[in-house]
$ cat input.txt   # compact mmCIF, C-alpha atoms and all ligand atoms
# COMPACT_ATOMS: atom_id res chain seq x y z
CA MET A 1 0.00 0.00 0.00
CA SER A 2 1.55 3.29 -1.12
CA LEU A 3 1.60 6.38 1.06
CA LEU A 4 0.33 8.48 -1.87
CA GLU A 5 -1.51 6.98 -4.80
CA VAL A 6 -2.66 9.26 -7.61
CA ARG A 7 -4.76 7.42 -10.20
CA ARG A 8 -5.83 8.83 -13.56
CA LEU A 9 -5.99 12.38 -12.26
CA THR A 10 -7.49 15.06 -14.47
CA ALA A 11 -7.27 18.56 -12.99
CA GLY A 12 -7.04 22.19 -14.02
CA TYR A 13 -8.37 25.70 -13.76
CA ALA A 14 -11.81 27.17 -14.42
CA SER A 15 -13.19 23.96 -15.96
CA VAL A 16 -10.20 23.63 -18.28
CA PRO A 17 -8.17 20.46 -17.62
CA VAL A 18 -4.42 21.01 -17.88
CA VAL A 19 -3.30 17.65 -16.55
CA ARG A 20 -4.97 14.55 -17.87
CA ASP A 21 -4.96 10.94 -16.76
CA VAL A 22 -1.91 11.35 -14.53
CA SER A 23 -0.91 8.47 -12.23
CA LEU A 24 1.93 8.44 -9.74
CA SER A 25 2.77 7.04 -6.33
CA VAL A 26 5.05 7.79 -3.40
CA GLU A 27 6.01 5.29 -0.71
CA ARG A 28 6.96 6.03 2.90
CA GLY A 29 10.67 6.79 3.18
CA GLU A 30 10.93 7.43 -0.55
CA LEU A 31 12.22 10.48 -2.43
CA VAL A 32 10.42 10.89 -5.76
CA ALA A 33 11.05 13.51 -8.46
CA LEU A 34 8.49 14.92 -10.86
CA LEU A 35 10.30 16.22 -13.94
CA GLY A 36 9.14 17.98 -17.08
CA ALA A 37 9.57 21.02 -19.28
CA ASN A 38 7.95 24.38 -18.52
CA GLY A 39 4.18 24.10 -18.63
CA ALA A 40 4.18 20.28 -18.48
CA GLY A 41 1.73 20.31 -15.58
CA LYS A 42 3.99 19.52 -12.61
CA THR A 43 2.83 22.36 -10.36
CA THR A 44 -0.80 21.71 -11.22
CA THR A 45 -0.38 18.05 -10.24
CA LEU A 46 1.13 19.03 -6.88
CA LEU A 47 -1.61 21.59 -6.29
CA ALA A 48 -4.26 18.95 -7.05
CA ILE A 49 -2.72 16.62 -4.44
CA SER A 50 -2.88 19.44 -1.86
CA GLY A 51 -6.45 20.33 -2.83
CA LEU A 52 -5.61 23.73 -4.29
CA VAL A 53 -6.91 23.24 -7.84
CA SER A 54 -10.04 21.62 -9.21
CA VAL A 55 -9.97 17.88 -9.79
CA TYR A 56 -12.35 16.73 -12.54
CA SER A 57 -11.74 13.00 -12.34
CA GLY A 58 -9.42 10.40 -10.92
CA GLU A 59 -8.43 9.41 -7.43
CA ILE A 60 -6.00 10.71 -4.83
CA ARG A 61 -5.40 8.42 -1.86
CA LEU A 62 -3.24 9.02 1.19
CA ASP A 63 -2.53 5.97 3.34
CA ALA A 64 -5.15 4.13 1.27
CA GLY A 65 -7.92 6.60 2.17
CA SER A 66 -9.43 8.89 -0.45
CA ILE A 67 -8.73 12.57 0.23
CA ALA A 68 -10.85 13.76 -2.66
CA GLY A 69 -13.45 15.41 -0.48
CA LEU A 70 -10.98 17.11 1.86
CA ALA A 71 -10.24 20.84 1.86
CA PRO A 72 -6.57 21.91 1.74
CA ALA A 73 -6.44 22.49 5.52
CA GLN A 74 -7.89 19.02 6.15
CA ARG A 75 -5.28 17.50 3.83
CA ALA A 76 -2.61 19.33 5.81
CA ARG A 77 -4.01 17.86 9.03
CA ALA A 78 -4.06 14.44 7.34
CA GLY A 79 -0.29 14.72 6.86
CA ILE A 80 0.41 16.63 3.65
CA GLN A 81 2.77 19.60 3.78
CA HIS A 82 3.40 21.59 0.62
CA VAL A 83 6.34 23.93 0.06
CA PRO A 84 5.23 26.01 -2.93
CA GLU A 85 7.48 27.30 -5.68
CA ASP A 86 7.58 30.83 -4.19
CA ARG A 87 8.10 29.37 -0.67
CA SER A 88 5.31 31.65 0.64
CA LEU A 89 7.21 32.97 3.64
CA PHE A 90 6.28 36.25 5.35
CA PRO A 91 9.18 38.64 4.68
CA SER A 92 8.66 40.73 7.82
CA LEU A 93 8.71 37.77 10.24
CA THR A 94 11.92 36.47 11.78
CA VAL A 95 13.08 32.88 11.45
CA ASP A 96 11.94 32.14 15.03
CA GLU A 97 8.55 33.75 14.48
CA THR A 98 8.04 31.75 11.27
CA ILE A 99 8.77 28.49 13.05
CA ARG A 100 6.64 29.40 16.08
CA LEU A 101 3.73 30.32 13.81
CA ALA A 102 3.96 26.93 12.10
CA CYS A 103 3.99 25.10 15.41
CA GLY A 104 0.99 26.91 16.89
CA ALA A 105 0.94 26.62 20.66
CA ARG A 106 3.49 23.79 20.64
CA ARG A 107 7.23 24.18 20.84
CA PRO A 108 9.02 23.31 17.59
CA PRO A 109 10.20 19.70 17.70
CA LYS A 110 13.95 19.69 18.41
CA TRP A 111 14.68 17.39 15.49
CA VAL A 112 13.41 19.92 12.94
CA LEU A 113 16.35 22.28 13.39
CA GLU A 114 18.79 19.36 13.51
CA TYR A 115 18.22 19.02 9.76
CA PHE A 116 18.99 22.70 9.23
CA PRO A 117 21.53 23.71 11.88
CA ALA A 118 22.33 26.92 10.00
CA LEU A 119 18.86 28.21 10.93
CA GLY A 120 19.79 28.01 14.60
CA GLU A 121 22.16 30.94 14.06
CA LEU A 122 19.52 32.99 12.27
CA GLY A 123 16.64 32.99 14.76
CA GLY A 124 16.30 36.76 15.00
CA ARG A 125 16.85 37.50 11.34
CA ARG A 126 13.94 38.63 9.18
CA VAL A 127 12.95 36.45 6.23
CA ALA A 128 13.54 39.40 3.87
CA ALA A 129 17.21 39.42 4.87
CA LEU A 130 17.79 35.69 4.27
CA SER A 131 19.52 34.29 1.20
CA GLY A 132 17.55 32.08 -1.20
CA GLY A 133 19.09 28.95 0.32
CA GLU A 134 18.28 30.09 3.86
CA GLN A 135 14.71 30.85 2.82
CA GLN A 136 14.37 27.38 1.32
CA MET A 137 15.73 25.85 4.55
CA LEU A 138 13.17 27.83 6.52
CA ALA A 139 10.33 26.84 4.20
CA LEU A 140 11.30 23.17 4.60
CA ALA A 141 11.73 23.50 8.38
CA ARG A 142 8.31 25.16 8.66
CA ALA A 143 6.75 22.26 6.75
CA LEU A 144 8.54 19.73 8.96
CA CYS A 145 7.12 21.30 12.12
CA ARG A 146 3.88 19.43 11.34
CA ASP A 147 5.77 16.12 11.08
CA PRO A 148 4.21 15.39 7.66
CA SER A 149 3.72 11.93 6.24
CA LEU A 150 4.00 13.48 2.74
CA LEU A 151 6.28 16.43 2.04
CA ILE A 152 5.71 18.13 -1.33
CA VAL A 153 8.36 20.56 -2.56
CA ASP A 154 7.79 22.50 -5.78
CA GLU A 155 10.88 23.71 -7.67
CA MET A 156 13.14 23.18 -4.70
CA SER A 157 16.19 24.55 -6.53
CA LEU A 158 14.61 27.66 -7.99
CA GLY A 159 17.12 30.51 -7.76
CA LEU A 160 19.67 28.44 -5.83
CA ALA A 161 23.31 27.89 -6.77
CA PRO A 162 24.18 24.30 -7.82
CA LEU A 163 26.33 23.79 -4.72
CA VAL A 164 23.42 24.75 -2.49
CA VAL A 165 21.11 22.43 -4.45
CA ASN A 166 23.58 19.58 -3.98
CA ALA A 167 23.55 20.18 -0.25
CA PHE A 168 19.73 20.01 0.01
CA PHE A 169 19.32 16.58 -1.54
CA PRO A 170 21.14 14.55 1.13
CA VAL A 171 19.08 16.36 3.76
CA LEU A 172 15.85 15.41 1.99
CA ARG A 173 17.07 11.82 1.79
CA ARG A 174 17.73 11.80 5.55
CA ILE A 175 14.33 13.32 6.27
CA ALA A 176 12.61 10.64 4.17
CA ALA A 177 14.61 7.81 5.77
CA GLU A 178 14.60 9.01 9.37
CA ARG A 179 11.06 10.44 9.58
CA GLY A 180 9.58 7.72 7.38
CA CYS A 181 7.77 10.28 5.25
CA GLY A 182 7.40 10.34 1.49
CA VAL A 183 8.98 13.29 -0.31
CA LEU A 184 7.70 14.40 -3.73
CA ILE A 185 9.71 17.15 -5.41
CA VAL A 186 9.63 19.05 -8.66
CA GLU A 187 13.24 19.55 -9.68
CA GLN A 188 14.75 21.34 -12.66
CA HIS A 189 18.27 19.90 -12.37
CA VAL A 190 17.53 16.52 -13.86
CA HIS A 191 20.95 14.93 -13.50
CA VAL A 192 21.22 16.11 -9.93
CA ALA A 193 17.78 14.69 -9.16
CA LEU A 194 18.80 11.36 -10.69
CA ARG A 195 21.71 11.26 -8.29
CA TRP A 196 19.52 11.31 -5.22
CA VAL A 197 15.94 10.24 -5.81
CA ASP A 198 14.48 6.73 -5.70
CA ARG A 199 11.94 7.15 -8.45
CA VAL A 200 11.19 9.54 -11.28
CA HIS A 201 8.01 10.60 -13.06
CA VAL A 202 8.34 12.63 -16.27
CA MET A 203 5.44 14.81 -17.41
CA ALA A 204 4.93 16.29 -20.88
CA GLY A 205 1.99 18.25 -22.23
CA GLY A 206 -0.15 17.60 -19.15
CA THR A 207 0.24 13.82 -19.21
CA MET A 208 2.63 11.34 -17.64
CA ALA A 209 5.21 10.47 -20.29
CA ALA A 210 7.44 8.07 -18.36
CA SER A 211 7.83 6.65 -14.86
CA GLY A 212 10.38 4.35 -13.31
CA THR A 213 12.99 3.78 -10.68
CA THR A 214 16.08 5.95 -10.93
CA ASP A 215 18.11 2.95 -12.04
CA GLU A 216 15.61 2.31 -14.83
CA MET A 217 15.50 5.95 -15.88
CA ARG A 218 19.17 6.88 -15.72
CA PRO A 219 20.15 5.10 -18.95
CA ARG A 220 17.18 6.76 -20.68
CA ILE A 221 17.94 10.29 -19.55
CA ASP A 222 19.31 11.59 -22.84
CA GLU A 223 16.33 10.14 -24.71
CA LEU A 224 13.89 11.58 -22.13
CA ALA A 225 15.67 14.93 -22.06
CA GLY A 226 15.51 15.20 -25.83
CA ALA A 227 11.87 14.19 -26.02
CA TYR A 228 10.32 15.76 -22.94
CA LEU A 229 12.55 17.90 -20.79
CA GLY A 230 13.48 20.69 -23.17
CA GLU A 231 16.11 22.93 -21.61
CA ARG A 232 15.53 21.50 -18.17
CA THR A 233 18.64 19.37 -18.13
CA VAL A 234 22.12 20.22 -17.04
CA PRO A 235 25.17 18.71 -18.74
CA SER A 236 25.95 15.13 -17.82
CA SER A 237 29.23 16.38 -16.37
CA VAL A 238 27.19 16.91 -13.18
CA PRO A 239 28.08 14.06 -10.78
CA THR A 240 26.14 10.85 -11.18
CA SER A 241 25.07 8.17 -8.71
CA ALA A 242 28.54 6.64 -8.60
CA ASP A 243 29.74 9.83 -6.94
CA ASN A 244 27.29 9.36 -4.07
CA GLU A 245 29.31 6.40 -2.92
CA LYS A 246 32.32 8.67 -2.63
CA GLY A 247 30.25 10.94 -0.34
CA GLU A 248 30.91 14.07 -2.36
CA ASN A 249 28.91 17.16 -1.42
CA ASP A 250 27.27 15.28 1.44
CA GLU A 251 28.01 17.85 4.08
CA GLY A 252 24.37 18.96 4.38
CA VAL A 253 23.05 22.49 4.81
N1 LIG B 1 -3.91 29.69 -12.62
C1 LIG B 1 -3.93 29.19 -13.85
N2 LIG B 1 -4.98 29.38 -14.67
C2 LIG B 1 -5.01 28.86 -15.92
N3 LIG B 1 -4.02 28.09 -16.45
C3 LIG B 1 -2.94 27.88 -15.68
C4 LIG B 1 -2.83 28.40 -14.35
N4 LIG B 1 -1.65 28.01 -13.85
C5 LIG B 1 -1.04 27.27 -14.80
N5 LIG B 1 -1.83 27.20 -15.90
C6 LIG B 1 -1.51 26.49 -17.15
O1 LIG B 1 -1.43 25.10 -16.87
C7 LIG B 1 -0.38 24.50 -17.63
C8 LIG B 1 0.52 23.72 -16.69
O2 LIG B 1 1.15 24.65 -15.81
P1 LIG B 1 2.03 24.17 -14.58
O3 LIG B 1 2.42 25.40 -13.81
O4 LIG B 1 1.33 23.10 -13.87
O5 LIG B 1 3.30 23.56 -15.31
P2 LIG B 1 4.74 23.23 -14.76
O6 LIG B 1 5.15 21.94 -15.35
O7 LIG B 1 4.75 23.34 -13.28
O8 LIG B 1 5.60 24.41 -15.40
P3 LIG B 1 6.81 25.28 -14.81
O9 LIG B 1 7.96 24.35 -14.75
O10 LIG B 1 6.97 26.36 -15.83
O11 LIG B 1 6.38 25.79 -13.45
C9 LIG B 1 0.31 25.63 -18.37
O12 LIG B 1 -0.15 25.64 -19.70
C10 LIG B 1 -0.12 26.86 -17.63
O13 LIG B 1 -0.20 27.97 -18.49

$ encode --input "input.txt" --output "structure tokens" --more "lines below"
Ligand SMILES: Nc1ncnc2c1ncn2[C@@H]1O[C@H](COP(=O)(O)OP(=O)(O)OP(=O)(O)O)[C@@H](O)[C@H]1O
Amino acid sequence: MSLLEVRRLTAGYASVPVVRDVSLSVERGELVALLGANGAGKTTTLLAISGLVSVYSGEIRLDAGSIAGLAPAQRARAGIQHVPEDRSLFPSLTVDETIRLACGARRPPKWVLEYFPALGELGGRRVAALSGGEQQMLALARALCRDPSLLIVDEMSLGLAPLVVNAFFPVLRRIAAERGCGVLIVEQHVHVALRWVDRVHVMAGGTMAASGTTDEMRPRIDELAGAYLGERTVPSSVPTSADNEKGENDEGV
């Protein structure tokens, strides 16, 4: 039984479907990437899972239960946390205030900041004064405060330097493994994603073009990039899975 099961989803805006017949799944402890060119429908698919766009047909199940009838806030309470593309932080709040707001009356769980120790030094700093990487750390930490069973991260690397991106992936892997949650990310750096994720779904033109384990997809990446990913690939000189075993860039954030 998958943590998240999306079956034949058709969803869109103002009665116009922009994703059609999309199926994907995420298991507990698994890191899954959703890839695709601009406009392929990745964000819309994530928004449909979180209940933020209209679903016209298909099924979305979390822990085997249908969440179709649930409002976004109910889905959040059911275990889904969504870090949107723009990160949706409040620029005038400090790091501490952002975390406290996410935790409500409770204290932030200690383990949250253990994944992002750099945030510990930034408690009093306003969001507006944080770098892009620090803002992404905060957005992820805020989502983790709810101890999600499914963490959704849209365009995690947007605006971040490749070195910073490389540092985020091992942290996401640890979160998935240690918290037992599923992590579904939209990622533009395809070769970097293939270094770290367990499974890949490739969207094109609002439909699911290819799905498979990373080992299955890696040999097909040039074919997939040519057919579906447009400019959203980086040269294959970016380290591949073999480099993981050497522990390069694993220092975390
Ligand atoms: N609010 C909206 N109203 C109407 N159409 C929209 C809306 N948002 C997105 N679309 C359209 O839906 C299609 C899929 O967009 P979506 O943002 O899901 O793609 P994407 O794969 O996430 O692209 P990108 O990588 O550029 O963010 C596009 O044709 C887009 O123009």

$ residues_near_ligand --input "input.txt" --ligand "ligand LIG 1 (chain B)" --cutoff "12 Å" --atoms "only C-alpha atoms and all ligand atoms" --output "PyMOL selection string"
chain A and resi 10-20+34-48+52-54+84-86+153-158+185-189+201-208+228-232

$ write_last_selection --input "input.txt" --atoms "C-alpha atoms" --output "PDB file, in the coordinates of the input"
ATOM      1  CA  THR A  10      -7.490  15.060 -14.470  1.00  0.00           C
ATOM      2  CA  ALA A  11      -7.270  18.560 -12.990  1.00  0.00           C
ATOM      3  CA  GLY A  12      -7.040  22.190 -14.020  1.00  0.00           C
ATOM      4  CA  TYR A  13      -8.370  25.700 -13.760  1.00  0.00           C
ATOM      5  CA  ALA A  14     -11.810  27.170 -14.420  1.00  0.00           C
ATOM      6  CA  SER A  15     -13.190  23.960 -15.960  1.00  0.00           C
ATOM      7  CA  VAL A  16     -10.200  23.630 -18.280  1.00  0.00           C
ATOM      8  CA  PRO A  17      -8.170  20.460 -17.620  1.00  0.00           C
ATOM      9  CA  VAL A  18      -4.420  21.010 -17.880  1.00  0.00           C
ATOM     10  CA  VAL A  19      -3.300  17.650 -16.550  1.00  0.00           C
ATOM     11  CA  ARG A  20      -4.970  14.550 -17.870  1.00  0.00           C
ATOM     12  CA  LEU A  34       8.490  14.920 -10.860  1.00  0.00           C
ATOM     13  CA  LEU A  35      10.300  16.220 -13.940  1.00  0.00           C
ATOM     14  CA  GLY A  36       9.140  17.980 -17.080  1.00  0.00           C
ATOM     15  CA  ALA A  37       9.570  21.020 -19.280  1.00  0.00           C
ATOM     16  CA  ASN A  38       7.950  24.380 -18.520  1.00  0.00           C
ATOM     17  CA  GLY A  39       4.180  24.100 -18.630  1.00  0.00           C
ATOM     18  CA  ALA A  40       4.180  20.280 -18.480  1.00  0.00           C
ATOM     19  CA  GLY A  41       1.730  20.310 -15.580  1.00  0.00           C
ATOM     20  CA  LYS A  42       3.990  19.520 -12.610  1.00  0.00           C
ATOM     21  CA  THR A  43       2.830  22.360 -10.360  1.00  0.00           C
ATOM     22  CA  THR A  44      -0.800  21.710 -11.220  1.00  0.00           C
ATOM     23  CA  THR A  45      -0.380  18.050 -10.240  1.00  0.00           C
ATOM     24  CA  LEU A  46       1.130  19.030  -6.880  1.00  0.00           C
ATOM     25  CA  LEU A  47      -1.610  21.590  -6.290  1.00  0.00           C
ATOM     26  CA  ALA A  48      -4.260  18.950  -7.050  1.00  0.00           C
ATOM     27  CA  LEU A  52      -5.610  23.730  -4.290  1.00  0.00           C
ATOM     28  CA  VAL A  53      -6.910  23.240  -7.840  1.00  0.00           C
ATOM     29  CA  SER A  54     -10.040  21.620  -9.210  1.00  0.00           C
ATOM     30  CA  PRO A  84       5.230  26.010  -2.930  1.00  0.00           C
ATOM     31  CA  GLU A  85       7.480  27.300  -5.680  1.00  0.00           C
ATOM     32  CA  ASP A  86       7.580  30.830  -4.190  1.00  0.00           C
ATOM     33  CA  VAL A 153       8.360  20.560  -2.560  1.00  0.00           C
ATOM     34  CA  ASP A 154       7.790  22.500  -5.780  1.00  0.00           C
ATOM     35  CA  GLU A 155      10.880  23.710  -7.670  1.00  0.00           C
ATOM     36  CA  MET A 156      13.140  23.180  -4.700  1.00  0.00           C
ATOM     37  CA  SER A 157      16.190  24.550  -6.530  1.00  0.00           C
ATOM     38  CA  LEU A 158      14.610  27.660  -7.990  1.00  0.00           C
ATOM     39  CA  ILE A 185       9.710  17.150  -5.410  1.00  0.00           C
ATOM     40  CA  VAL A 186       9.630  19.050  -8.660  1.00  0.00           C
ATOM     41  CA  GLU A 187      13.240  19.550  -9.680  1.00  0.00           C
ATOM     42  CA  GLN A 188      14.750  21.340 -12.660  1.00  0.00           C
ATOM     43  CA  HIS A 189      18.270  19.900 -12.370  1.00  0.00           C
ATOM     44  CA  HIS A 201       8.010  10.600 -13.060  1.00  0.00           C
ATOM     45  CA  VAL A 202       8.340  12.630 -16.270  1.00  0.00           C
ATOM     46  CA  MET A 203       5.440  14.810 -17.410  1.00  0.00           C
ATOM     47  CA  ALA A 204       4.930  16.290 -20.880  1.00  0.00           C
ATOM     48  CA  GLY A 205       1.990  18.250 -22.230  1.00  0.00           C
ATOM     49  CA  GLY A 206      -0.150  17.600 -19.150  1.00  0.00           C
ATOM     50  CA  THR A 207       0.240  13.820 -19.210  1.00  0.00           C
ATOM     51  CA  MET A 208       2.630  11.340 -17.640  1.00  0.00           C
ATOM     52  CA  TYR A 228      10.320  15.760 -22.940  1.00  0.00           C
ATOM     53  CA  LEU A 229      12.550  17.900 -20.790  1.00  0.00           C
ATOM     54  CA  GLY A 230      13.480  20.690 -23.170  1.00  0.00           C
ATOM     55  CA  GLU A 231      16.110  22.930 -21.610  1.00  0.00           C
ATOM     56  CA  ARG A 232      15.530  21.500 -18.170  1.00  0.00           C
TER      57      ARG A 232
END

$ residues_around --input "input.txt" --residues "Asp147 (chain A)" --least-positions-apart "5" --cutoff "9 Å" --atoms "all atoms listed in the file" --output "list of chain:residue names"
A:Gly79, A:Gln81, A:Pro109, A:Val112, A:Arg179, A:Cys181

$ closest_residue --input "input.txt" --among "A:Tyr115, A:Asp21, A:Ala73, A:Pro148" --to "Leu172 (chain A)" --atoms "all atoms listed in the file"
A:Tyr115

$ atom_distance --input "input.txt" --atom1 "CA of Val192 (chain A)" --atom2 "CA of Glu5 (chain A)"
25.0 Å

$ closest_residue --input "input.txt" --among "A:Leu9, A:Val95, A:Ile152, A:Cys103" --to "Ala68 (chain A)" --atoms "all atoms listed in the file"
A:Leu9

$ axis_aligned_box --input "input.txt" --around "region 184-195 of chain A" --padding-each-side "8 Å" --output "lines of an AutoDock Vina configuration file"
center_x = 14.7
center_y = 16.3
center_z = -8.8
size_x = 30.0
size_y = 26.1
size_z = 26.1

$ atom_distance --input "input.txt" --atom1 "CA of Gly212 (chain A)" --atom2 "CA of Asp198 (chain A)"
9.0 Å

$ residues_around --input "input.txt" --residues "Glu97 (chain A)" --least-positions-apart "4" --cutoff "10 Å" --atoms "all atoms listed in the file" --output "PyMOL selection string"
chain A and resi 90+92-93+101-103+123-127

$ decode --input "input.txt" --residues "region 74-102 of chain A" --atoms "N, CA and C atoms" --output "PDB file, in the first residue's frame"
ATOM      1  N   GLN A  74      -7.675  20.406   5.664  1.00  0.00           N
ATOM      2  CA  GLN A  74      -7.889  19.024   6.153  1.00  0.00           C
ATOM      3  C   GLN A  74      -6.801  18.097   5.624  1.00  0.00           C
ATOM      4  N   ARG A  75      -6.372  18.324   4.380  1.00  0.00           N
ATOM      5  CA  ARG A  75      -5.284  17.501   3.826  1.00  0.00           C
ATOM      6  C   ARG A  75      -4.004  17.758   4.618  1.00  0.00           C
ATOM      7  N   ALA A  76      -3.797  19.018   5.004  1.00  0.00           N
ATOM      8  CA  ALA A  76      -2.609  19.325   5.812  1.00  0.00           C
ATOM      9  C   ALA A  76      -2.689  18.577   7.135  1.00  0.00           C
ATOM     10  N   ARG A  77      -3.871  18.581   7.748  1.00  0.00           N
ATOM     11  CA  ARG A  77      -4.010  17.862   9.025  1.00  0.00           C
ATOM     12  C   ARG A  77      -3.859  16.364   8.827  1.00  0.00           C
ATOM     13  N   ALA A  78      -4.201  15.884   7.628  1.00  0.00           N
ATOM     14  CA  ALA A  78      -4.061  14.444   7.340  1.00  0.00           C
ATOM     15  C   ALA A  78      -2.602  14.057   7.102  1.00  0.00           C
ATOM     16  N   GLY A  79      -1.707  15.059   6.969  1.00  0.00           N
ATOM     17  CA  GLY A  79      -0.286  14.721   6.865  1.00  0.00           C
ATOM     18  C   GLY A  79       0.445  15.274   5.661  1.00  0.00           C
ATOM     19  N   ILE A  80      -0.256  16.081   4.831  1.00  0.00           N
ATOM     20  CA  ILE A  80       0.406  16.630   3.646  1.00  0.00           C
ATOM     21  C   ILE A  80       0.931  18.030   3.949  1.00  0.00           C
ATOM     22  N   GLN A  81       2.197  18.259   3.697  1.00  0.00           N
ATOM     23  CA  GLN A  81       2.770  19.600   3.785  1.00  0.00           C
ATOM     24  C   GLN A  81       3.342  19.961   2.427  1.00  0.00           C
ATOM     25  N   HIS A  82       3.063  21.165   1.979  1.00  0.00           N
ATOM     26  CA  HIS A  82       3.395  21.586   0.616  1.00  0.00           C
ATOM     27  C   HIS A  82       4.268  22.841   0.680  1.00  0.00           C
ATOM     28  N   VAL A  83       5.481  22.747   0.167  1.00  0.00           N
ATOM     29  CA  VAL A  83       6.340  23.932   0.061  1.00  0.00           C
ATOM     30  C   VAL A  83       6.199  24.433  -1.373  1.00  0.00           C
ATOM     31  N   PRO A  84       5.498  25.563  -1.561  1.00  0.00           N
ATOM     32  CA  PRO A  84       5.235  26.013  -2.934  1.00  0.00           C
ATOM     33  C   PRO A  84       6.472  26.618  -3.581  1.00  0.00           C
ATOM     34  N   GLU A  85       6.367  26.784  -4.879  1.00  0.00           N
ATOM     35  CA  GLU A  85       7.483  27.300  -5.680  1.00  0.00           C
ATOM     36  C   GLU A  85       8.022  28.632  -5.126  1.00  0.00           C
ATOM     37  N   ASP A  86       7.114  29.516  -4.687  1.00  0.00           N
ATOM     38  CA  ASP A  86       7.583  30.831  -4.190  1.00  0.00           C
ATOM     39  C   ASP A  86       7.908  30.804  -2.697  1.00  0.00           C
ATOM     40  N   ARG A  87       7.792  29.620  -2.090  1.00  0.00           N
ATOM     41  CA  ARG A  87       8.104  29.367  -0.668  1.00  0.00           C
ATOM     42  C   ARG A  87       7.113  30.011   0.296  1.00  0.00           C
ATOM     43  N   SER A  88       6.395  31.037  -0.158  1.00  0.00           N
ATOM     44  CA  SER A  88       5.311  31.647   0.639  1.00  0.00           C
ATOM     45  C   SER A  88       5.682  31.926   2.092  1.00  0.00           C
ATOM     46  N   LEU A  89       6.826  32.540   2.295  1.00  0.00           N
ATOM     47  CA  LEU A  89       7.209  32.975   3.642  1.00  0.00           C
ATOM     48  C   LEU A  89       6.752  34.421   3.830  1.00  0.00           C
ATOM     49  N   PHE A  90       6.628  34.850   5.080  1.00  0.00           N
ATOM     50  CA  PHE A  90       6.280  36.246   5.355  1.00  0.00           C
ATOM     51  C   PHE A  90       7.571  37.026   5.557  1.00  0.00           C
ATOM     52  N   PRO A  91       7.877  37.978   4.640  1.00  0.00           N
ATOM     53  CA  PRO A  91       9.183  38.640   4.676  1.00  0.00           C
ATOM     54  C   PRO A  91       9.465  39.396   5.969  1.00  0.00           C
ATOM     55  N   SER A  92       8.402  39.892   6.638  1.00  0.00           N
ATOM     56  CA  SER A  92       8.661  40.726   7.822  1.00  0.00           C
ATOM     57  C   SER A  92       8.832  39.904   9.100  1.00  0.00           C
ATOM     58  N   LEU A  93       8.528  38.608   9.040  1.00  0.00           N
ATOM     59  CA  LEU A  93       8.712  37.773  10.239  1.00  0.00           C
ATOM     60  C   LEU A  93      10.165  37.336  10.363  1.00  0.00           C
ATOM     61  N   THR A  94      10.586  37.049  11.579  1.00  0.00           N
ATOM     62  CA  THR A  94      11.921  36.473  11.775  1.00  0.00           C
ATOM     63  C   THR A  94      11.842  34.955  11.575  1.00  0.00           C
ATOM     64  N   VAL A  95      13.017  34.344  11.562  1.00  0.00           N
ATOM     65  CA  VAL A  95      13.081  32.880  11.449  1.00  0.00           C
ATOM     66  C   VAL A  95      12.329  32.244  12.623  1.00  0.00           C
ATOM     67  N   ASP A  96      12.611  32.707  13.852  1.00  0.00           N
ATOM     68  CA  ASP A  96      11.944  32.140  15.033  1.00  0.00           C
ATOM     69  C   ASP A  96      10.435  32.310  14.956  1.00  0.00           C
ATOM     70  N   GLU A  97       9.999  33.492  14.549  1.00  0.00           N
ATOM     71  CA  GLU A  97       8.548  33.751  14.477  1.00  0.00           C
ATOM     72  C   GLU A  97       7.895  32.844  13.441  1.00  0.00           C
ATOM     73  N   THR A  98       8.597  32.622  12.324  1.00  0.00           N
ATOM     74  CA  THR A  98       8.041  31.755  11.271  1.00  0.00           C
ATOM     75  C   THR A  98       7.851  30.334  11.792  1.00  0.00           C
ATOM     76  N   ILE A  99       8.851  29.856  12.517  1.00  0.00           N
ATOM     77  CA  ILE A  99       8.774  28.491  13.047  1.00  0.00           C
ATOM     78  C   ILE A  99       7.685  28.411  14.123  1.00  0.00           C
ATOM     79  N   ARG A 100       7.645  29.425  14.991  1.00  0.00           N
ATOM     80  CA  ARG A 100       6.641  29.399  16.078  1.00  0.00           C
ATOM     81  C   ARG A 100       5.231  29.435  15.517  1.00  0.00           C
ATOM     82  N   LEU A 101       5.045  30.225  14.442  1.00  0.00           N
ATOM     83  CA  LEU A 101       3.726  30.320  13.810  1.00  0.00           C
ATOM     84  C   LEU A 101       3.309  28.955  13.255  1.00  0.00           C
ATOM     85  N   ALA A 102       4.272  28.254  12.677  1.00  0.00           N
ATOM     86  CA  ALA A 102       3.964  26.933  12.098  1.00  0.00           C
ATOM     87  C   ALA A 102       3.606  25.929  13.175  1.00  0.00           C
TER      88      ALA A 102
END
